[in-house]
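For reference, the structure is listed below as structure tokens.
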Amino acid sequence: MQALLSLSVCLFAGLMLSRLAKLVKLPAVTAYLVAGIIAGPYVLGALNVPGLGFTSMEDIKTYEIIPDVALGFIAFSIGNEFRLSQLKATGKQATVIGIFQAVFTTLLVDAALIGLHFLIPDKLPLPSAIVLGAVASATAPAATLMVVKQYKAKGPLTDILLPIVALDDAVGLMLFAVSFGVAKALIHGQVDIISVVLEPILEVVLSLALGFIMGALFTFFEKFFHSRSKRLAMSVTFVFLTVALSMMEFEIGGVHIAFSSLLVCMMLGTVFCNMCDFSEELMDRVDRWTAPLFILFFVISGAELELSTFKDLLVVCIGVAYILFRSIGKYLGARFSAKAVKCDDHIVKYLGITLLPQAGVALGMALKAETLGEEGVIVTNIILFSVLIYELVGPFLTKVALTKAGEIKPDGAVSARRPDVIEPELRKNKQK
């Protein structure tokens, strides 16, 4: 009962705050995150009333299956943006921009934090500075996708944005693995070539291979059904199964084998949308089914934000430096590379702003960094602080950038109560 009560409180708080957010023209994602903070252990949870919010971080972790599944569906949706017809137009540009801006951001943040290390070596160790640079490359596909869907953004910037976000996280995983290996070498005095070079490459390659296999199987089994409800059920089944398989970890000959659930589910969506001729219709139904799941994901993410990081002035100062240089890196890296590959002026101007949100992938990296010991704890605290800021501000900035680019219209977020919207939809569904 307590679990259901907590989840219902989360959904209700998120939905009601989204109405307030609409009045002040903020994205719904921001409202869901704020609802999570309210339901979290620092506000309602502090009252210790069972079912009224989350009483502790340990309590939140009992619901971790929801964020895992939600991220799987988010990655699956982004994978559906990788249609070959679109990639022919934007694939080369997205690849160049995705790789360049991620590497540029890492190098800029590394340079800034290493310089800060020499000023305060006791407070910011060199291994921590190096790892933070790699974490800076990652973005938050969930927040970006939600803003795009809420406002029905369409145009050249939106078309290139989602593939870049997907590629960005793949590049970020490799940069982090290399930086993490270097940090371990600095701490322990020995370099492990396997963990620095081989394991990150294997993680990316094996994740894409697993996603391809699951996508091919999904497309094969989907054809056995003609009912929309059963096709939807099969879609949900395969996303669940793919997320579960991507959590496998094992060792072969001393080499650690792991998968990225984001990359696996992205490839699942990519293979499906290119092999299945009714994928667009099915994705529309999946989007409707996952709406409450995504709300819970963002509310739980908001509840996980660690407000106690504000107590440490040093963490705040280093966090501000991290946020500042990461933002500069994302903006300039995207701007320079977009200009180099001759993108539209609106892409050159506004793409970097849409890449600022940061959450799930960065938090996952930070948790892995904790295995470094004291240096890793510093990384985690700084990332927790920056994620709090980025998740509250990032979606709003993404909305502003897409609006300035002319890809969000004044009536982009429509109401189901409007007859001029709902009636054409009903007619279209009857024709199907």
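Numbering starts fresh at 1 for the residues of each chain in the structure tokens, the chains themselves are lettered A, B, ... in the order given, and ligands are numbered from 1 as they appear.
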
Compile a residue-level contact table for region 141-256 of chain A against region 27-33 of chain A at a cut-off of 12 Å, reporting for every qualifying residue the shortest atom pair and its distance in Å to one decimal, with only C-alpha atoms counted, rows ordered by chain and ascending number, as CSV.
residue,atom,partner,partner_atom,distance
A:Ala142,CA,A:Val29,CA,9.3
A:Ala143,CA,A:Val29,CA,6.6
A:Thr144,CA,A:Val29,CA,9.3
A:Leu145,CA,A:Val29,CA,10.1
A:Met146,CA,A:Val29,CA,6.9
A:Val147,CA,A:Pro27,CA,6.6
A:Val148,CA,A:Pro27,CA,10.0
A:Lys149,CA,A:Pro27,CA,10.7
A:Gln150,CA,A:Ala28,CA,7.8
A:Tyr151,CA,A:Pro27,CA,8.7

Considering only alpha helix (DSSP H) as DSSP defines it on the backbone, what residues of region 33-214 of chain A qualify? List them as a ChimeraX atom specification. /A:33-39,57-61,65-79,84-119,126-135,141-150,156-188,193,199-214

Find the spatial neighbours of Leu397 (chain A), counting only C-alpha atoms, within a cut-off of 12 Å - ignore same-chain residues fewer than 2 positions away - and output them as a compact mmCIF listing (two decimals) with N, CA and C atoms, in the first residue's frame.
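And here's part.txt as it stands now:
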# COMPACT_ATOMS: atom_id res chain seq x y z
N LYS A 25 5.16 29.53 -18.25
CA LYS A 25 5.80 29.13 -19.51
C LYS A 25 7.11 28.36 -19.30
N LEU A 26 7.09 27.46 -18.30
CA LEU A 26 8.23 26.56 -18.08
C LEU A 26 7.87 25.17 -18.62
N PRO A 27 8.86 24.40 -19.09
CA PRO A 27 8.56 23.03 -19.55
C PRO A 27 8.03 22.16 -18.42
N VAL A 29 8.86 19.23 -17.72
CA VAL A 29 9.96 18.48 -17.10
C VAL A 29 10.44 19.18 -15.83
N THR A 30 10.57 20.49 -15.89
CA THR A 30 11.02 21.26 -14.72
C THR A 30 10.03 21.09 -13.57
N ALA A 143 15.50 14.63 -20.73
CA ALA A 143 14.96 16.00 -20.65
C ALA A 143 14.78 16.59 -22.05
N THR A 144 15.77 16.37 -22.93
CA THR A 144 15.70 16.91 -24.28
C THR A 144 14.51 16.32 -25.03
N VAL A 147 11.07 17.71 -23.82
CA VAL A 147 10.78 19.07 -24.29
C VAL A 147 10.35 19.04 -25.76
N SER A 327 29.35 24.43 -19.83
CA SER A 327 28.39 25.16 -20.67
C SER A 327 29.11 25.84 -21.84
N TYR A 350 22.00 27.86 -31.95
CA TYR A 350 21.23 27.37 -30.81
C TYR A 350 21.48 25.92 -30.40
N LEU A 351 22.20 25.15 -31.21
CA LEU A 351 22.40 23.73 -30.88
C LEU A 351 23.09 23.54 -29.53
N GLY A 352 24.14 24.32 -29.28
CA GLY A 352 24.90 24.17 -28.04
C GLY A 352 24.06 24.34 -26.79
N ILE A 353 23.07 25.24 -26.85
CA ILE A 353 22.21 25.48 -25.69
C ILE A 353 21.35 24.26 -25.39
N THR A 354 20.90 23.56 -26.44
CA THR A 354 20.04 22.40 -26.23
C THR A 354 20.80 21.20 -25.67
N LEU A 355 22.13 21.27 -25.64
CA LEU A 355 22.94 20.15 -25.15
C LEU A 355 23.34 20.31 -23.68
N LEU A 356 22.82 21.33 -23.02
CA LEU A 356 23.22 21.60 -21.63
C LEU A 356 22.63 20.64 -20.60
N PRO A 357 21.37 20.16 -20.71
CA PRO A 357 20.83 19.28 -19.66
C PRO A 357 21.75 18.09 -19.39
N ILE A 389 21.36 21.83 -10.75
CA ILE A 389 21.23 23.09 -11.49
C ILE A 389 20.81 22.84 -12.94
N TYR A 390 21.50 21.92 -13.59
CA TYR A 390 21.23 21.66 -15.01
C TYR A 390 19.82 21.14 -15.25
N GLU A 391 19.33 20.26 -14.38
CA GLU A 391 18.02 19.68 -14.60
C GLU A 391 16.89 20.69 -14.39
N LEU A 392 17.13 21.66 -13.52
CA LEU A 392 16.10 22.68 -13.29
C LEU A 392 16.13 23.76 -14.37
N VAL A 393 17.32 24.09 -14.87
CA VAL A 393 17.47 25.18 -15.83
C VAL A 393 17.53 24.67 -17.27
N GLY A 394 18.15 23.50 -17.48
CA GLY A 394 18.39 22.97 -18.82
C GLY A 394 17.15 22.84 -19.70
N PRO A 395 16.06 22.21 -19.22
CA PRO A 395 14.87 22.08 -20.07
C PRO A 395 14.31 23.43 -20.53
N LYS A 399 13.96 24.74 -24.40
CA LYS A 399 12.73 25.29 -24.95
C LYS A 399 12.99 26.65 -25.60
N VAL A 400 13.75 27.51 -24.92
CA VAL A 400 14.05 28.84 -25.45
C VAL A 400 14.80 28.73 -26.78
N ALA A 401 15.80 27.83 -26.82
CA ALA A 401 16.61 27.68 -28.03
C ALA A 401 15.76 27.19 -29.20
N LEU A 402 14.91 26.19 -28.96
CA LEU A 402 14.06 25.67 -30.03
C LEU A 402 13.02 26.70 -30.47
N THR A 403 12.56 27.54 -29.54
CA THR A 403 11.62 28.61 -29.89
C THR A 403 12.31 29.67 -30.74
N LYS A 404 13.50 30.06 -30.34
CA LYS A 404 14.27 31.06 -31.09
C LYS A 404 14.58 30.57 -32.50

Top pick for closest residue to Thr62 (chain A), considering A:Met266, A:Ile300, A:Ile252, A:Ile408 and counting only C-alpha atoms: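 Of the candidates, the smallest distance to Thr62 (chain A) is held by A:Ile300.
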
Closest to Ser235 (chain A) among A:Met283, A:Ile213, A:Leu263, A:Leu198, using only C-alpha atoms?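 Under the stated criterion, the closest residue is A:Met283.
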
So that I can see what lies close to Phe325 (chain A), please list as JSON, numbers by chain the residues with an atom at most 12 Å from it, counting only C-alpha atoms and leaving out residues fewer than 2 positions away in the same chain. {"A": [104, 105, 106, 107, 108, 109, 110, 111, 112, 113, 116, 132, 133, 136, 137, 318, 319, 320, 321, 322, 323, 327, 328, 329, 330, 331, 332, 333, 356, 386]}

Counting only C-alpha atoms, which residues of region 150-259 of chain A fall within 9 Å of region 68-80 of chain A, and what is the closest atom pair for each with its distance in Å at one decimal, ordered by chain and rising number, as CSV?
residue,atom,partner,partner_atom,distance
A:Leu162,CA,A:Ile78,CA,6.3
A:Pro163,CA,A:Ile78,CA,7.4
A:Val165,CA,A:Ile78,CA,8.6
A:Ala166,CA,A:Ile78,CA,7.1
A:Val236,CA,A:Phe73,CA,8.6
A:Val239,CA,A:Gly72,CA,6.5
A:Phe240,CA,A:Val69,CA,6.7
A:Thr242,CA,A:Gly72,CA,8.0
A:Val243,CA,A:Gly72,CA,6.0
A:Ala244,CA,A:Val69,CA,8.9

What would the file look like if the residues just selected were written as a PDB file, in the first residue's frame with N, CA and C atoms?
ATOM      1  N   LEU A 162      18.477  15.139 -31.773  1.00  0.00           N
ATOM      2  CA  LEU A 162      18.305  13.831 -31.134  1.00  0.00           C
ATOM      3  C   LEU A 162      19.403  12.827 -31.518  1.00  0.00           C
ATOM      4  N   PRO A 163      19.812  12.738 -32.790  1.00  0.00           N
ATOM      5  CA  PRO A 163      20.951  11.867 -33.105  1.00  0.00           C
ATOM      6  C   PRO A 163      22.233  12.290 -32.390  1.00  0.00           C
ATOM      7  N   VAL A 165      22.452  13.833 -29.454  1.00  0.00           N
ATOM      8  CA  VAL A 165      22.325  13.451 -28.039  1.00  0.00           C
ATOM      9  C   VAL A 165      22.650  11.972 -27.852  1.00  0.00           C
ATOM     10  N   ALA A 166      22.170  11.145 -28.783  1.00  0.00           N
ATOM     11  CA  ALA A 166      22.442   9.710 -28.706  1.00  0.00           C
ATOM     12  C   ALA A 166      23.926   9.422 -28.880  1.00  0.00           C
ATOM     13  N   VAL A 236       6.314  -3.306 -25.513  1.00  0.00           N
ATOM     14  CA  VAL A 236       6.647  -3.163 -24.099  1.00  0.00           C
ATOM     15  C   VAL A 236       7.474  -4.354 -23.627  1.00  0.00           C
ATOM     16  N   VAL A 239      11.140  -4.022 -24.870  1.00  0.00           N
ATOM     17  CA  VAL A 239      11.911  -2.988 -24.167  1.00  0.00           C
ATOM     18  C   VAL A 239      12.275  -3.482 -22.771  1.00  0.00           C
ATOM     19  N   PHE A 240      11.315  -4.091 -22.074  1.00  0.00           N
ATOM     20  CA  PHE A 240      11.596  -4.671 -20.754  1.00  0.00           C
ATOM     21  C   PHE A 240      12.729  -5.688 -20.842  1.00  0.00           C
ATOM     22  N   THR A 242      15.017  -6.080 -23.177  1.00  0.00           N
ATOM     23  CA  THR A 242      16.288  -5.479 -23.577  1.00  0.00           C
ATOM     24  C   THR A 242      16.960  -4.758 -22.410  1.00  0.00           C
ATOM     25  N   VAL A 243      16.165  -4.042 -21.620  1.00  0.00           N
ATOM     26  CA  VAL A 243      16.719  -3.373 -20.435  1.00  0.00           C
ATOM     27  C   VAL A 243      17.308  -4.407 -19.473  1.00  0.00           C
ATOM     28  N   ALA A 244      16.582  -5.510 -19.283  1.00  0.00           N
ATOM     29  CA  ALA A 244      17.053  -6.562 -18.372  1.00  0.00           C
ATOM     30  C   ALA A 244      18.368  -7.165 -18.849  1.00  0.00           C
TER      31      ALA A 244
END

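When only C-alpha atoms are used to measure the gap to Lys230 (chain A), the shortest distance among A:Arg285, A:Leu175, A:Phe250, A:Val271 belongs to A:Arg285.
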
Using Å and a single decimal, report how far CA of Phe272 (chain A) sits from CA of Ile65 (chain A). 24.0 Å

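The protein and nucleic acid residues lying at most 9 Å from Leu202 (chain A) are Val197, Leu198, Leu206, Ser207, Ile257, Ala258 and Phe259 of chain A, with only C-alpha atoms considered and sequence neighbours fewer than 4 positions away removed.
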
Out of A:Val131, A:Leu293, A:Phe180, A:Pro141, which residue has the shortest atom-to-atom distance to Val379 (chain A) when counting only C-alpha atoms?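 Residue with the minimum atom-to-atom distance to Val379 (chain A): A:Val131.
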
Taking 6 positions as the minimum chain separation for residues in the same chain, which residues sit within 8 Å of region 7-17 of chain A when counting only C-alpha atoms? Answer as a ChimeraX atom specification. /A:31-33,35-36,39,51-53,292,295-296,299-300

Restricted to C-alpha atoms, what would the selected residues look like written as a PDB file, in the first residue's frame?
ATOM      1  CA  ALA A  31       7.706  20.933 -12.846  1.00  0.00           C
ATOM      2  CA  TYR A  32       8.191  17.183 -12.450  1.00  0.00           C
ATOM      3  CA  LEU A  33      11.696  17.687 -11.042  1.00  0.00           C
ATOM      4  CA  ALA A  35       7.638  17.936  -7.574  1.00  0.00           C
ATOM      5  CA  GLY A  36      10.318  15.336  -6.870  1.00  0.00           C
ATOM      6  CA  ALA A  39       8.264  14.727  -2.378  1.00  0.00           C
ATOM      7  CA  GLY A  51       3.396   7.128   1.782  1.00  0.00           C
ATOM      8  CA  LEU A  52       3.682  10.929   1.840  1.00  0.00           C
ATOM      9  CA  GLY A  53       6.803  11.296  -0.253  1.00  0.00           C
ATOM     10  CA  PRO A 292       2.800   8.364 -16.743  1.00  0.00           C
ATOM     11  CA  ILE A 295       6.384  11.620 -15.170  1.00  0.00           C
ATOM     12  CA  LEU A 296       7.357   9.161 -12.420  1.00  0.00           C
ATOM     13  CA  VAL A 299       9.709  13.040 -10.158  1.00  0.00           C
ATOM     14  CA  ILE A 300      11.915  10.267  -8.760  1.00  0.00           C
TER      15      ILE A 300
END

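Interatomic distance, CA of Val182 (chain A) against CA of Lys123 (chain A): 19.3 Å.
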